[in-house]
Amino acid sequence: MKYKIGVDVGGTFTDFLVVDEKGKSEIYKTPSTPADSSIGFMAGIEEMANAHGLSMKEFLANVTAIVHGTTITTNAVLTGKYAKTGLLTTKGHRDWLQTRRGLKPSCYDSKEDPPEPIVPRRLRRVAEERIDCEGKVLVPLHEGDVRAAAEMFKKEKVEAVAVCFLFSFLNPAHEDKAYEILSQELPGVYVSLSSKVLPQIRVYERGSTTVFNASVGPVLRNYARNLVNRLKQQEFKGILLIMQSNGGMMSPEVAMDFAVNTLMSGPAAGPMAGIFYGDIHGCKDLITVDMGGTSFDSCLVRNREPEITTELEVAHFKMAAPSIAIETMGAGGGSIAWIDAGGIFRVGPQSAGADPGPACYNMGGTEPAVTDGDVVCGYLNPDYFLAGKKKLYPELSRKVIKEKLADKLRLSVEEAAYGIYRIVNSNMAQGTRLSSVNKGYDPRLCLLITAGGAGPVHACDIAKELEMSMILIPKTSSVFCASGMLISNLRHDFVRVSHMVLLPDLVDVKLINSRFQEMRDEANHVLEREGIPAKARKFTYSADLRYEAQFNEIETPVHLKQDRFTLDQLPVLHKAFKERHDTLYGYSLPDHTQEMLSLRLTAWGMVDKPTFAESPFMGKNASKAIKGKREIYYEGKHVKVPVYDGPKMGHGNEVVGPAIIEEPTTTILLTPDWQLTCDRYSNYLLYRKGVTLKKSWSQVGVKK
């Protein structure tokens, strides 16, 4: 039997989804090992091998592909555990990384200090050189300045260097020469060029992204090498791929050069999984939410396309490489409940993490977390957490909630626990509004796909607050991102600055086609390196357009005829931009001149995907799956509810709330005003009580 494995290394748990040739899937979870994530990774592989009665080598011999997402680079930036990094830039422009765009995170706080940049000023060096805005050399590169900078970097023992010269995106000659010198003078040091990482306008965005790439490059390189070596030692001969922030995959070799593309590696797979589950029911508009142990991620998908942004901020600095637009907030099972100086009851963003974790883990945690509240309210079974692999201790949860919250707020322990539940639900609903309402989209017209180990406990109340009518909870909810990795393709994004006013007599058709050909050649080289055959390659084209004199541009699709742009396609491009502008901002300017800043190419490497097996119809009656009753605390009342054994439920089963469905790695709390049915893949479809399933589908635009 052959297998494919999706792996998502999170802050608390490392998730694994194994799918065999017949579409049967298995879920595994192991504690993450932040000191060396490859240890937790291999521990999960070993657990799978043991479950199949095989040695690790025997099991890996049957694995054809491992697709891997990780938060290692994000955590490195957020915790400050990145490589010691130097910056080489154009003389006279030493401080753009510090000044950024001149804006403060809190514009009304006059005393707020700007964030400390990754590269301190003493490690920012300059070289005399200048390329003009047309790519011509005005001042040749002073090689002595580069060597002097290298000498200083050597004394400071920097581990990485970012190089960002003005207008290098038009002519990379000076950066290429600097790379040659730095590589000679600083052997073993990771050197990153802005003309390779992000060759586009705006020095701050381009340079900041390059600094991110340099600072996390050694971290990812060391991790990837460790992982590749560990797999080689176990004689793994399959394909290893790493998830990117843009929703595609890349090989470890490419990832080592473009580490910045993994800053949202894990969460980016969620929307891709959401598209797959939406397709099962013909639903094109959806919102994916993923609540894990540390964070909550929300993403809007419209017409099967997640929004791609180049305006991501990490630690208050720009990361302008294309990424799926995901709203992330500190709301997970480990989020700590606390009382602020004004006596206000709050939850998060601080987290107990994996170690020590919530108090109920009995690992030394002394603060009440969301999981503690869920345990006290009866939503989680202390003896069946992670299918019984981890025992929870409710008495420890009750103790910290009483001491830290209930006594201070003059509430009972149950009231305080339920307060944690309500507040974190409200926080997550607000996070979901950021990805939908704040962008002009109505969440009520979308299917809510809820995932993560903690998400299904909170799904009903999040949807209720957003007035959404349908929820889909995948059977593989707890390893949602891991499943998304298995159904993603390789993807690489390329950009070339090509500024021109889009009037018929000013459009340079030859330049447009030349730029697209350059990017196609580069894309083919990368995909060839990754072993993707020509017939499995696909290219899509776009352009960054704006109205003349605007500051912000909009990425707009460009449709070529036989890989060529012709002048008669200009009106089509104008129309596409107007429609996109109207969608985003609610208006367009039909008679206003448009201009183009950059051309973009997305290269896809299409890979074979696993098939997921459909379930046989098991009838509507799910009573055979009831394994007992449990008292829960909900809306101020103690209520006894039936508890269903999720693995015994399948296609066609129906349940009316209130009820609890226990899966080995997650729990669904079906509140009193919801009901559910299992679809043909045994995923859980939740819809409002008293409303037919057909009508519920019609509310999200699906005809059934």
# chains A, B, ... in the order shown; residues from 1 in each chain; ligands from 1
>>> select_by_dssp(residues="segment 185-363 of chain A", states="alpha helix (DSSP H)", output="PyMOL selection string")
chain A and resi 185+194-197+203-233+252-257+265-280
>>> residues_around(residues="segment 176-182 of chain A", least_positions_apart="2", cutoff="9 Å", atoms="only C-alpha atoms", output="PyMOL selection string")
chain A and resi 88+141+143+146-147+149-150+161+163+172-174+184-187+189+191-193+195
>>> write_last_selection(atoms="N, CA, C and O atoms", output="mmCIF file, in the first residue's frame")
data_model
loop_
_atom_site.group_PDB
_atom_site.id
_atom_site.type_symbol
_atom_site.label_atom_id
_atom_site.label_comp_id
_atom_site.auth_asym_id
_atom_site.auth_seq_id
_atom_site.Cartn_x
_atom_site.Cartn_y
_atom_site.Cartn_z
ATOM 1 N N LEU A 88 23.334 45.593 3.417
ATOM 2 C CA LEU A 88 24.162 46.423 2.542
ATOM 3 C C LEU A 88 23.241 47.149 1.570
ATOM 4 O O LEU A 88 22.467 46.507 0.849
ATOM 5 N N LEU A 141 29.606 50.620 -9.065
ATOM 6 C CA LEU A 141 29.715 50.066 -7.718
ATOM 7 C C LEU A 141 31.153 50.201 -7.211
ATOM 8 O O LEU A 141 32.103 49.798 -7.891
ATOM 9 N N GLU A 143 33.655 48.701 -5.223
ATOM 10 C CA GLU A 143 33.858 47.371 -4.660
ATOM 11 C C GLU A 143 34.553 47.410 -3.310
ATOM 12 O O GLU A 143 34.356 46.529 -2.464
ATOM 13 N N VAL A 146 32.066 47.399 -0.553
ATOM 14 C CA VAL A 146 31.491 46.074 -0.304
ATOM 15 C C VAL A 146 32.461 45.243 0.527
ATOM 16 O O VAL A 146 32.062 44.563 1.487
ATOM 17 N N ARG A 147 33.749 45.316 0.193
ATOM 18 C CA ARG A 147 34.744 44.533 0.945
ATOM 19 C C ARG A 147 34.868 45.051 2.386
ATOM 20 O O ARG A 147 35.049 44.265 3.326
ATOM 21 N N ALA A 149 32.455 46.466 4.070
ATOM 22 C CA ALA A 149 31.246 45.989 4.758
ATOM 23 C C ALA A 149 31.412 44.519 5.141
ATOM 24 O O ALA A 149 31.045 44.105 6.257
ATOM 25 N N ALA A 150 31.980 43.727 4.228
ATOM 26 C CA ALA A 150 32.185 42.304 4.504
ATOM 27 C C ALA A 150 33.122 42.105 5.691
ATOM 28 O O ALA A 150 32.907 41.220 6.535
ATOM 29 N N VAL A 161 23.319 38.151 5.294
ATOM 30 C CA VAL A 161 23.418 39.526 4.784
ATOM 31 C C VAL A 161 22.336 39.734 3.726
ATOM 32 O O VAL A 161 22.172 38.904 2.823
ATOM 33 N N VAL A 163 21.108 42.301 0.709
ATOM 34 C CA VAL A 163 21.631 43.337 -0.185
ATOM 35 C C VAL A 163 20.459 43.967 -0.919
ATOM 36 O O VAL A 163 19.679 43.267 -1.588
ATOM 37 N N PRO A 172 20.216 44.383 -12.121
ATOM 38 C CA PRO A 172 20.773 43.730 -10.924
ATOM 39 C C PRO A 172 22.300 43.608 -10.923
ATOM 40 O O PRO A 172 22.857 42.934 -10.060
ATOM 41 N N ALA A 173 22.974 44.254 -11.871
ATOM 42 C CA ALA A 173 24.422 44.050 -12.022
ATOM 43 C C ALA A 173 25.192 44.342 -10.733
ATOM 44 O O ALA A 173 26.096 43.589 -10.349
ATOM 45 N N HIS A 174 24.857 45.443 -10.067
ATOM 46 C CA HIS A 174 25.591 45.807 -8.850
ATOM 47 C C HIS A 174 25.320 44.819 -7.719
ATOM 48 O O HIS A 174 26.238 44.468 -6.958
ATOM 49 N N GLN A 184 32.676 35.409 -1.475
ATOM 50 C CA GLN A 184 34.112 35.123 -1.352
ATOM 51 C C GLN A 184 34.628 35.473 0.040
ATOM 52 O O GLN A 184 35.378 34.715 0.652
ATOM 53 N N GLU A 185 34.201 36.642 0.529
ATOM 54 C CA GLU A 185 34.718 37.153 1.803
ATOM 55 C C GLU A 185 34.059 36.510 3.017
ATOM 56 O O GLU A 185 34.648 36.471 4.098
ATOM 57 N N LEU A 186 32.815 36.036 2.853
ATOM 58 C CA LEU A 186 32.055 35.490 3.985
ATOM 59 C C LEU A 186 31.550 34.086 3.658
ATOM 60 O O LEU A 186 30.348 33.854 3.521
ATOM 61 N N PRO A 187 32.442 33.127 3.509
ATOM 62 C CA PRO A 187 32.003 31.768 3.168
ATOM 63 C C PRO A 187 31.082 31.203 4.251
ATOM 64 O O PRO A 187 31.340 31.350 5.442
ATOM 65 N N VAL A 189 28.124 32.271 4.954
ATOM 66 C CA VAL A 189 27.109 33.250 5.354
ATOM 67 C C VAL A 189 26.005 33.288 4.300
ATOM 68 O O VAL A 189 26.270 33.271 3.095
ATOM 69 N N VAL A 191 23.525 34.904 1.938
ATOM 70 C CA VAL A 191 23.422 36.209 1.277
ATOM 71 C C VAL A 191 22.156 36.245 0.429
ATOM 72 O O VAL A 191 21.906 35.348 -0.380
ATOM 73 N N SER A 192 21.372 37.284 0.623
ATOM 74 C CA SER A 192 20.078 37.399 -0.057
ATOM 75 C C SER A 192 20.025 38.704 -0.838
ATOM 76 O O SER A 192 20.326 39.773 -0.296
ATOM 77 N N LEU A 193 19.639 38.632 -2.124
ATOM 78 C CA LEU A 193 19.574 39.807 -2.995
ATOM 79 C C LEU A 193 18.126 40.211 -3.249
ATOM 80 O O LEU A 193 17.285 39.371 -3.575
ATOM 81 N N SER A 195 17.019 41.795 -5.773
ATOM 82 C CA SER A 195 16.688 41.601 -7.188
ATOM 83 C C SER A 195 16.281 40.165 -7.487
ATOM 84 O O SER A 195 15.699 39.883 -8.534
#
>>> residues_around(residues="segment 99-109 of chain A", least_positions_apart="6", cutoff="10 Å", atoms="only C-alpha atoms", output="VMD selection string")
chain A and resid 115 117 203 to 205 208 316 to 318
>>> closest_residue(among="A:Lys575, A:Arg230, A:Lys154, A:Arg125", to="Ser37 of chain A", atoms="only C-alpha atoms")
A:Arg230
>>> closest_residue(among="A:Gly266, A:Gly188, A:Pro443, A:Gly364", to="Gln699 of chain A", atoms="only C-alpha atoms")
A:Pro443
>>> closest_atom_pairs(of="segment 217-320 of chain A", to="segment 518-526 of chain A", cutoff="12 Å", atoms="only C-alpha atoms", output="Markdown table")
| residue | atom | partner | partner_atom | distance |
| --- | --- | --- | --- | --- |
| A:Met250 | CA | A:Val526 | CA | 9.4 |
| A:Ser251 | CA | A:Val526 | CA | 9.6 |
| A:Glu253 | CA | A:Val526 | CA | 10.2 |
| A:Val254 | CA | A:Val526 | CA | 8.0 |
| A:Ala255 | CA | A:Val526 | CA | 11.4 |
| A:Asp257 | CA | A:Val526 | CA | 11.7 |
>>> write_last_selection(atoms="N, CA and C atoms", output="PDB file, in the first residue's frame")
ATOM      1  N   MET A 250       6.756  24.106  -2.784  1.00  0.00           N
ATOM      2  CA  MET A 250       8.075  24.199  -3.416  1.00  0.00           C
ATOM      3  C   MET A 250       8.976  23.129  -2.821  1.00  0.00           C
ATOM      4  N   SER A 251      10.068  22.858  -3.506  1.00  0.00           N
ATOM      5  CA  SER A 251      11.021  21.856  -3.019  1.00  0.00           C
ATOM      6  C   SER A 251      11.852  22.450  -1.888  1.00  0.00           C
ATOM      7  N   GLU A 253      14.999  22.591  -1.666  1.00  0.00           N
ATOM      8  CA  GLU A 253      16.137  23.325  -2.247  1.00  0.00           C
ATOM      9  C   GLU A 253      15.737  24.762  -2.588  1.00  0.00           C
ATOM     10  N   VAL A 254      14.546  24.935  -3.178  1.00  0.00           N
ATOM     11  CA  VAL A 254      14.056  26.282  -3.495  1.00  0.00           C
ATOM     12  C   VAL A 254      13.727  27.026  -2.206  1.00  0.00           C
ATOM     13  N   ALA A 255      13.143  26.328  -1.241  1.00  0.00           N
ATOM     14  CA  ALA A 255      12.775  26.952   0.033  1.00  0.00           C
ATOM     15  C   ALA A 255      13.991  27.531   0.744  1.00  0.00           C
ATOM     16  N   ASP A 257      16.511  28.959  -0.559  1.00  0.00           N
ATOM     17  CA  ASP A 257      16.868  30.237  -1.181  1.00  0.00           C
ATOM     18  C   ASP A 257      15.813  31.309  -0.941  1.00  0.00           C
TER      19      ASP A 257
END
>>> atom_distance(atom1="atom CA of Asp297 of chain A", atom2="atom CA of Lys475 of chain A")
18.8 Å
>>> atom_distance(atom1="atom CA of Leu240 of chain A", atom2="atom CA of Thr12 of chain A")
22.8 Å
>>> select_by_dssp(residues="segment 348-525 of chain A", states="strand (DSSP E)", output="PDB file with C-alpha atoms, in the first residue's frame")
ATOM      1  CA  GLY A 348      -5.706  36.326  24.848  1.00  0.00           C
ATOM      2  CA  PRO A 349      -3.619  37.162  22.963  1.00  0.00           C
ATOM      3  CA  GLN A 350      -1.104  35.677  25.418  1.00  0.00           C
ATOM      4  CA  SER A 351      -0.963  31.905  25.210  1.00  0.00           C
ATOM      5  CA  LEU A 447     -20.283  28.627   4.042  1.00  0.00           C
ATOM      6  CA  LEU A 448     -18.271  28.602   7.280  1.00  0.00           C
ATOM      7  CA  ILE A 449     -15.671  25.823   7.166  1.00  0.00           C
ATOM      8  CA  THR A 450     -14.422  25.292  10.698  1.00  0.00           C
ATOM      9  CA  ALA A 451     -11.209  23.491  11.512  1.00  0.00           C
ATOM     10  CA  MET A 470     -24.270  26.832   7.460  1.00  0.00           C
ATOM     11  CA  ILE A 471     -21.134  25.266   8.902  1.00  0.00           C
ATOM     12  CA  LEU A 472     -19.041  22.445   7.474  1.00  0.00           C
ATOM     13  CA  ILE A 473     -16.711  20.627   9.864  1.00  0.00           C
ATOM     14  CA  LEU A 490       3.615  23.670  -6.666  1.00  0.00           C
ATOM     15  CA  ARG A 491       3.482  27.427  -7.177  1.00  0.00           C
ATOM     16  CA  HIS A 492       6.024  30.166  -7.860  1.00  0.00           C
ATOM     17  CA  ASP A 493       5.366  33.882  -8.349  1.00  0.00           C
ATOM     18  CA  PHE A 494       7.479  36.152 -10.545  1.00  0.00           C
ATOM     19  CA  VAL A 495       7.341  39.911 -11.099  1.00  0.00           C
ATOM     20  CA  ARG A 496       8.954  42.415 -13.480  1.00  0.00           C
ATOM     21  CA  VAL A 497       8.593  46.194 -13.303  1.00  0.00           C
ATOM     22  CA  SER A 498       7.123  47.446 -16.585  1.00  0.00           C
ATOM     23  CA  HIS A 499       5.817  50.963 -16.091  1.00  0.00           C
ATOM     24  CA  MET A 500       3.697  52.455 -18.875  1.00  0.00           C
ATOM     25  CA  VAL A 501       0.519  54.474 -19.397  1.00  0.00           C
TER      26      VAL A 501
END
>>> residues_around(residues="His581 of chain A", least_positions_apart="6", cutoff="8 Å", atoms="only C-alpha atoms", output="PDB file with N, CA, C and O atoms, in the first residue's frame")
ATOM      1  N   ILE A 554      -3.695  47.553  -8.230  1.00  0.00           N
ATOM      2  CA  ILE A 554      -4.517  46.350  -8.076  1.00  0.00           C
ATOM      3  C   ILE A 554      -4.014  45.307  -9.067  1.00  0.00           C
ATOM      4  O   ILE A 554      -3.862  45.595 -10.262  1.00  0.00           O
ATOM      5  N   TYR A 587     -16.448  51.671  -6.492  1.00  0.00           N
ATOM      6  CA  TYR A 587     -16.597  52.652  -7.573  1.00  0.00           C
ATOM      7  C   TYR A 587     -15.501  52.417  -8.603  1.00  0.00           C
ATOM      8  O   TYR A 587     -14.506  51.745  -8.347  1.00  0.00           O
ATOM      9  N   SER A 588     -15.667  52.988  -9.778  1.00  0.00           N
ATOM     10  CA  SER A 588     -14.619  52.990 -10.800  1.00  0.00           C
ATOM     11  C   SER A 588     -14.695  54.313 -11.542  1.00  0.00           C
ATOM     12  O   SER A 588     -15.673  55.053 -11.428  1.00  0.00           O
TER      13      SER A 588
END
>>> residues_around(residues="segment 157-159 of chain A", least_positions_apart="2", cutoff="6 Å", atoms="only C-alpha atoms", output="PyMOL selection string")
chain A and resi 83-85+153-155+189
>>> closest_residue(among="A:Pro114, A:Pro252, A:Pro474, A:Pro358", to="Pro456 of chain A", atoms="only C-alpha atoms")
A:Pro474
>>> closest_residue(among="A:Glu635, A:Asp290, A:Glu414, A:Glu26", to="Asp461 of chain A", atoms="only C-alpha atoms")
A:Glu635
>>> atom_distance(atom1="atom CA of Arg688 of chain A", atom2="atom CA of Ile626 of chain A")
21.7 Å
>>> residues_around(residues="segment 57-62 of chain A", least_positions_apart="4", cutoff="7 Å", atoms="only C-alpha atoms", output="VMD selection string")
chain A and resid 1 to 3 49 234 to 237
